$ cat input32.json   # JSON, C-alpha atoms
[["chain", "number", "residue", "atom", "x", "y", "z"],
["A", 1, "MET", "CA", -87.49, 83.63, 156.89],
["A", 2, "ILE", "CA", -87.79, 82.45, 160.46],
["A", 3, "ASN", "CA", -90.67, 80.12, 161.16],
["A", 4, "ASP", "CA", -89.32, 78.79, 164.45],
["A", 5, "LEU", "CA", -89.42, 81.46, 167.16],
["A", 6, "HIS", "CA", -88.97, 80.60, 170.82],
["A", 7, "VAL", "CA", -91.47, 82.10, 173.22],
["A", 8, "ASN", "CA", -90.28, 81.85, 176.81],
["A", 9, "HIS", "CA", -92.94, 83.99, 178.42],
["A", 10, "CYS", "CA", -95.92, 82.03, 177.11],
["A", 11, "ARG", "CA", -96.89, 78.92, 179.06],
["A", 12, "VAL", "CA", -99.64, 76.67, 177.69],
["A", 13, "VAL", "CA", -100.98, 73.61, 179.51],
["A", 14, "ARG", "CA", -101.27, 70.54, 177.29],
["A", 15, "THR", "CA", -105.03, 70.27, 177.36],
["A", 16, "ALA", "CA", -107.80, 71.51, 175.12],
["A", 17, "ILE", "CA", -107.27, 75.22, 174.59],
["A", 18, "PRO", "CA", -110.33, 77.45, 174.30],
["A", 19, "ARG", "CA", -110.13, 79.95, 171.47],
["A", 20, "SER", "CA", -108.64, 83.21, 172.68],
["A", 21, "ASP", "CA", -108.44, 86.39, 170.66],
["A", 22, "LEU", "CA", -105.50, 87.51, 172.81],
["A", 23, "LEU", "CA", -103.56, 84.30, 172.15],
["A", 24, "VAL", "CA", -104.23, 84.60, 168.44],
["A", 25, "ALA", "CA", -103.07, 88.21, 168.39],
["A", 26, "VAL", "CA", -99.85, 87.41, 170.27],
["A", 27, "LEU", "CA", -98.97, 84.47, 168.06],
["A", 28, "VAL", "CA", -99.79, 86.23, 164.81],
["A", 29, "THR", "CA", -97.54, 89.09, 165.88],
["A", 30, "ALA", "CA", -94.74, 86.66, 166.73],
["A", 31, "VAL", "CA", -94.94, 84.52, 163.60],
["A", 32, "VAL", "CA", -93.27, 85.59, 160.39],
["A", 33, "LEU", "CA", -96.06, 85.06, 157.91],
["A", 34, "ALA", "CA", -94.43, 82.61, 155.55],
["A", 35, "PRO", "CA", -96.56, 79.85, 153.99],
["A", 36, "ALA", "CA", -95.43, 76.31, 154.64],
["A", 37, "ARG", "CA", -94.19, 74.31, 151.68],
["A", 38, "PRO", "CA", -96.72, 71.72, 150.47],
["A", 39, "THR", "CA", -95.93, 68.10, 151.29],
["A", 40, "ALA", "CA", -97.50, 65.07, 149.66],
["A", 41, "ALA", "CA", -100.14, 63.48, 151.89],
["A", 42, "GLN", "CA", -98.73, 60.05, 151.00],
["A", 43, "THR", "CA", -95.33, 60.88, 152.52],
["A", 44, "SER", "CA", -94.31, 58.89, 155.60],
["A", 45, "PRO", "CA", -95.55, 60.74, 158.72],
["A", 46, "ALA", "CA", -92.10, 60.49, 160.32],
["A", 47, "ASP", "CA", -90.48, 62.13, 157.29],
["A", 48, "ALA", "CA", -93.22, 64.68, 156.68],
["A", 49, "THR", "CA", -93.65, 66.02, 160.21],
["A", 50, "THR", "CA", -90.17, 67.25, 161.06],
["A", 51, "THR", "CA", -91.62, 70.74, 161.63],
["A", 52, "PRO", "CA", -94.88, 71.77, 163.32],
["A", 53, "SER", "CA", -96.03, 73.61, 160.19],
["A", 54, "GLU", "CA", -95.62, 70.49, 158.05],
["A", 55, "ALA", "CA", -97.59, 68.34, 160.50],
["A", 56, "ALA", "CA", -100.35, 70.93, 160.82],
["A", 57, "GLY", "CA", -100.62, 71.25, 157.05],
["A", 58, "LEU", "CA", -100.99, 67.50, 156.57],
["A", 59, "PHE", "CA", -103.56, 67.25, 159.35],
["A", 60, "ILE", "CA", -105.66, 70.08, 157.90],
["A", 61, "ARG", "CA", -105.49, 68.62, 154.39],
["A", 62, "SER", "CA", -106.64, 65.22, 155.69],
["A", 63, "VAL", "CA", -109.56, 66.81, 157.55],
["A", 64, "ARG", "CA", -110.65, 68.83, 154.51],
["A", 65, "ALA", "CA", -110.48, 65.65, 152.39],
["A", 66, "ILE", "CA", -112.65, 63.84, 155.00],
["A", 67, "ARG", "CA", -109.92, 61.18, 155.35],
["A", 68, "TRP", "CA", -110.09, 60.32, 159.03],
["A", 69, "ASP", "CA", -107.61, 57.44, 159.02],
["A", 70, "ALA", "CA", -105.09, 59.80, 157.42],
["A", 71, "ALA", "CA", -105.92, 62.60, 159.88],
["A", 72, "ALA", "CA", -105.37, 60.23, 162.82],
["A", 73, "ARG", "CA", -101.76, 59.71, 161.71],
["A", 74, "PHE", "CA", -101.04, 63.35, 162.56],
["A", 75, "VAL", "CA", -102.88, 63.50, 165.92],
["A", 76, "ALA", "CA", -100.99, 63.20, 169.22],
["A", 77, "PRO", "CA", -101.34, 59.86, 171.06],
["A", 78, "GLU", "CA", -102.86, 61.50, 174.14],
["A", 79, "THR", "CA", -105.52, 63.16, 171.99],
["A", 80, "LEU", "CA", -106.37, 59.87, 170.29],
["A", 81, "ASP", "CA", -106.70, 58.33, 173.77],
["A", 82, "ARG", "CA", -109.06, 61.15, 174.72],
["A", 83, "PHE", "CA", -111.30, 60.41, 171.72],
["A", 84, "ARG", "CA", -111.22, 56.70, 172.51],
["A", 85, "THR", "CA", -112.38, 57.44, 176.05],
["A", 86, "THR", "CA", -115.21, 59.60, 174.71],
["A", 87, "VAL", "CA", -116.34, 56.93, 172.24],
["A", 88, "THR", "CA", -116.19, 54.23, 174.93],
["A", 89, "MET", "CA", -118.24, 56.36, 177.33],
["A", 90, "ILE", "CA", -120.89, 56.99, 174.66],
["A", 91, "ALA", "CA", -121.00, 53.32, 173.66],
["A", 92, "ASP", "CA", -121.23, 52.05, 177.23],
["A", 93, "ALA", "CA", -124.15, 54.37, 177.96],
["A", 94, "ASP", "CA", -126.23, 52.59, 175.31],
["A", 95, "THR", "CA", -127.28, 49.19, 176.69],
["A", 96, "THR", "CA", -128.56, 48.03, 173.29],
["A", 97, "GLY", "CA", -125.09, 48.19, 171.72],
["A", 98, "ALA", "CA", -126.50, 49.98, 168.67],
["A", 99, "ILE", "CA", -124.38, 53.10, 169.13],
["A", 100, "ARG", "CA", -121.18, 51.07, 169.49],
["A", 101, "THR", "CA", -121.97, 49.08, 166.37],
["A", 102, "PHE", "CA", -122.73, 52.23, 164.41],
["A", 103, "LEU", "CA", -119.63, 54.13, 165.51],
["A", 104, "VAL", "CA", -116.95, 51.44, 165.49],
["A", 105, "ARG", "CA", -118.60, 48.44, 163.79],
["A", 106, "THR", "CA", -117.76, 46.01, 166.57],
["A", 107, "ASP", "CA", -118.84, 44.80, 170.02],
["A", 108, "SER", "CA", -117.47, 45.76, 173.42],
["A", 109, "ALA", "CA", -114.57, 43.32, 173.27],
["A", 110, "GLY", "CA", -113.74, 44.43, 169.76],
["A", 111, "LEU", "CA", -113.73, 48.08, 170.78],
["A", 112, "GLY", "CA", -111.32, 47.30, 173.60],
["A", 113, "ALA", "CA", -108.95, 45.64, 171.15],
["A", 114, "LEU", "CA", -108.91, 48.54, 168.66],
["A", 115, "ASP", "CA", -105.98, 50.91, 168.45],
["A", 116, "PRO", "CA", -106.95, 54.48, 169.45],
["A", 117, "SER", "CA", -106.26, 55.69, 165.92],
["A", 118, "GLU", "CA", -108.69, 53.08, 164.56],
["A", 119, "VAL", "CA", -111.34, 54.18, 167.05],
["A", 120, "PHE", "CA", -110.85, 57.79, 165.96],
["A", 121, "GLY", "CA", -111.05, 56.95, 162.25],
["A", 122, "ARG", "CA", -114.11, 54.73, 162.54],
["A", 123, "ALA", "CA", -116.11, 56.80, 165.01],
["A", 124, "VAL", "CA", -115.46, 60.20, 163.47],
["A", 125, "GLY", "CA", -116.03, 58.81, 159.99],
["A", 126, "ALA", "CA", -119.37, 57.25, 160.90],
["A", 127, "MET", "CA", -120.54, 60.36, 162.73],
["A", 128, "VAL", "CA", -119.56, 62.82, 160.00],
["A", 129, "ASP", "CA", -121.11, 60.64, 157.28],
["A", 130, "ASP", "CA", -124.37, 60.82, 159.24],
["A", 131, "MET", "CA", -124.18, 64.61, 159.64],
["A", 132, "PRO", "CA", -123.96, 66.30, 156.21],
["A", 133, "GLY", "CA", -123.99, 69.78, 157.72],
["A", 134, "LEU", "CA", -120.95, 68.99, 159.85],
["A", 135, "MET", "CA", -119.20, 67.43, 156.87],
["A", 136, "HIS", "CA", -119.68, 70.53, 154.74],
["A", 137, "SER", "CA", -118.51, 72.83, 157.52],
["A", 138, "LEU", "CA", -115.29, 70.83, 157.79],
["A", 139, "TYR", "CA", -114.29, 70.32, 154.17],
["A", 140, "ASP", "CA", -115.75, 73.32, 152.36],
["A", 141, "ARG", "CA", -112.90, 75.63, 153.38],
["A", 142, "ASP", "CA", -109.60, 76.97, 152.08],
["A", 143, "ASP", "CA", -106.60, 77.00, 154.42],
["A", 144, "GLU", "CA", -103.11, 78.43, 154.59],
["A", 145, "VAL", "CA", -100.55, 77.62, 157.26],
["A", 146, "LEU", "CA", -98.85, 80.90, 158.10],
["A", 147, "GLY", "CA", -96.10, 79.71, 160.42],
["A", 148, "HIS", "CA", -95.37, 78.42, 163.90],
["A", 149, "VAL", "CA", -94.00, 79.47, 167.26],
["A", 150, "THR", "CA", -92.19, 76.99, 169.49],
["A", 151, "GLU", "CA", -92.32, 76.93, 173.27],
["A", 152, "GLY", "CA", -89.44, 74.91, 174.62],
["A", 153, "ALA", "CA", -88.35, 71.81, 172.73],
["A", 154, "ASP", "CA", -91.59, 69.86, 172.62],
["A", 155, "THR", "CA", -94.51, 72.28, 172.20],
["A", 156, "ALA", "CA", -95.46, 74.50, 169.29],
["A", 157, "HIS", "CA", -98.35, 76.66, 168.17],
["A", 158, "VAL", "CA", -99.21, 76.81, 164.48],
["A", 159, "VAL", "CA", -101.04, 79.81, 163.09],
["A", 160, "TYR", "CA", -103.26, 79.19, 160.07],
["A", 161, "ARG", "CA", -105.82, 81.11, 158.06],
["A", 162, "THR", "CA", -109.07, 79.41, 157.08],
["A", 163, "THR", "CA", -111.88, 80.74, 154.91],
["A", 164, "ALA", "CA", -115.25, 79.13, 154.30],
["A", 165, "ARG", "CA", -116.14, 78.77, 150.64],
["A", 166, "LEU", "CA", -119.17, 81.00, 150.97],
["A", 167, "SER", "CA", -119.92, 84.31, 149.33],
["A", 168, "GLY", "CA", -118.78, 87.09, 151.62],
["A", 169, "ALA", "CA", -116.98, 84.75, 154.03],
["A", 170, "VAL", "CA", -114.36, 86.48, 156.17],
["A", 171, "PRO", "CA", -111.02, 84.69, 156.73],
["A", 172, "GLU", "CA", -110.39, 83.49, 160.28],
["A", 173, "VAL", "CA", -106.96, 83.18, 161.87],
["A", 174, "LYS", "CA", -106.70, 80.19, 164.19],
["A", 175, "VAL", "CA", -104.09, 78.58, 166.40],
["A", 176, "MET", "CA", -103.35, 74.86, 166.63],
["A", 177, "GLN", "CA", -101.29, 73.28, 169.41],
["A", 178, "LEU", "CA", -98.75, 70.57, 168.55],
["A", 179, "VAL", "CA", -96.37, 68.39, 170.54],
["A", 180, "ARG", "CA", -93.18, 66.63, 169.52],
["A", 181, "THR", "CA", -93.31, 62.83, 169.63],
["A", 182, "PRO", "CA", -90.72, 60.19, 168.71],
["A", 183, "ALA", "CA", -92.49, 59.89, 165.34],
["A", 184, "GLY", "CA", -92.49, 63.63, 164.64],
["A", 185, "TRP", "CA", -94.76, 66.58, 165.42],
["A", 186, "ARG", "CA", -98.40, 65.77, 166.12],
["A", 187, "VAL", "CA", -101.55, 67.85, 166.67],
["A", 188, "LEU", "CA", -102.51, 68.01, 170.33],
["A", 189, "TRP", "CA", -105.55, 70.22, 169.85],
["A", 190, "SER", "CA", -107.21, 72.32, 167.19],
["A", 191, "ASP", "CA", -110.50, 73.99, 166.37],
["A", 192, "GLU", "CA", -111.38, 71.02, 164.14],
["A", 193, "LEU", "CA", -110.77, 68.50, 166.93],
["A", 194, "GLU", "CA", -112.82, 70.58, 169.35],
["A", 195, "VAL", "CA", -115.74, 70.58, 166.89],
["A", 196, "LEU", "CA", -115.48, 66.82, 166.37],
["A", 197, "GLU", "CA", -115.35, 66.03, 170.09],
["A", 198, "ALA", "CA", -118.35, 68.27, 170.80],
["A", 199, "ALA", "CA", -120.27, 66.57, 167.99],
["A", 200, "LEU", "CA", -119.42, 63.14, 169.38],
["A", 201, "ARG", "CA", -120.54, 64.09, 172.87],
["A", 202, "GLY", "CA", -123.84, 65.33, 171.46],
["A", 203, "PHE", "CA", -124.25, 62.44, 169.04],
["A", 204, "VAL", "CA", -126.62, 60.39, 171.19],
["A", 205, "ARG", "CA", -128.93, 63.38, 171.61]]
$ encode --input "input32.json" --output "structure tokens"
Amino acid sequence: MINDLHVNHCRVVRTAIPRSDLLVAVLVTAVVLAPARPTAAQTSPADATTTPSEAAGLFIRSVRAIRWDAAARFVAPETLDRFRTTVTMIADADTTGAIRTFLVRTDSAGLGALDPSEVFGRAVGAMVDDMPGLMHSLYDRDDEVLGHVTEGADTAHVVYRTTARLSGAVPEVKVMQLVRTPAGWRVLWSDELEVLEAALRGFVR
């Protein structure tokens, strides 16, 4: 089956993509609905992310397992930088330093020295641990990667189905944007990342 279909007429800017029913419908129509083969989460990211579907599957599995350091390994560098900027902005707004200490367990100089992936893992982990409702909404789900559509050589859109583990829950079909990096495919933006960023921005409140 063909998972890798080129879409020349669809142009997507590499920024956060708001959910669009039209985009979902177009991509679901274009993708041959073939589930991605499971890959061990312990596999080297470079070896395990040779296709967008593989990278998306590993990212989703890490999120559902609430393993933020693992999830960060499958996030695009520019997205990790975006989260670092958000965390720094939140920390700098608190003159007591308490928020910085809580989120990243270090002072201002220490935060500046952290790798963006470490900032993501620490800050998201601390926030989610402090918000049980958010944690349950993220991990208490079942997912299936349906396939992907490529746009040019370096951008892809992965279609996946997710269902909350609640009685009567209706499956949702979502689209995740990925980019090719020297280390393999990485998640540029997803519904999960949008939820996490919004939660971080509202954390102080």
$ residues_around --input "input32.json" --residues "segment 85-97 of chain A" --least-positions-apart "2" --cutoff "12 Å" --atoms "all atoms listed in the file" --output "ChimeraX atom specification"
/A:78-83,99-124,126-127,196-205
$ atom_distance --input "input32.json" --atom1 "atom CA of Ala56 of chain A" --atom2 "atom CA of Val187 of chain A"
6.7 Å
$ atom_distance --input "input32.json" --atom1 "atom CA of Asp140 of chain A" --atom2 "atom CA of Trp68 of chain A"
15.7 Å
$ closest_residue --input "input32.json" --among "A:Gly125, A:Ala98, A:Met131, A:Asp47" --to "Ala70 of chain A" --atoms "all atoms listed in the file"
A:Gly125
$ atom_distance --input "input32.json" --atom1 "atom CA of Leu138 of chain A" --atom2 "atom CA of Ser167 of chain A"
16.6 Å
$ residues_near_point --input "input32.json" --point "(-109.8, 74.2, 165.6)" --cutoff "9 Å" --atoms "all atoms listed in the file" --output "VMD selection string"
chain A and resid 19 174 to 176 189 to 195
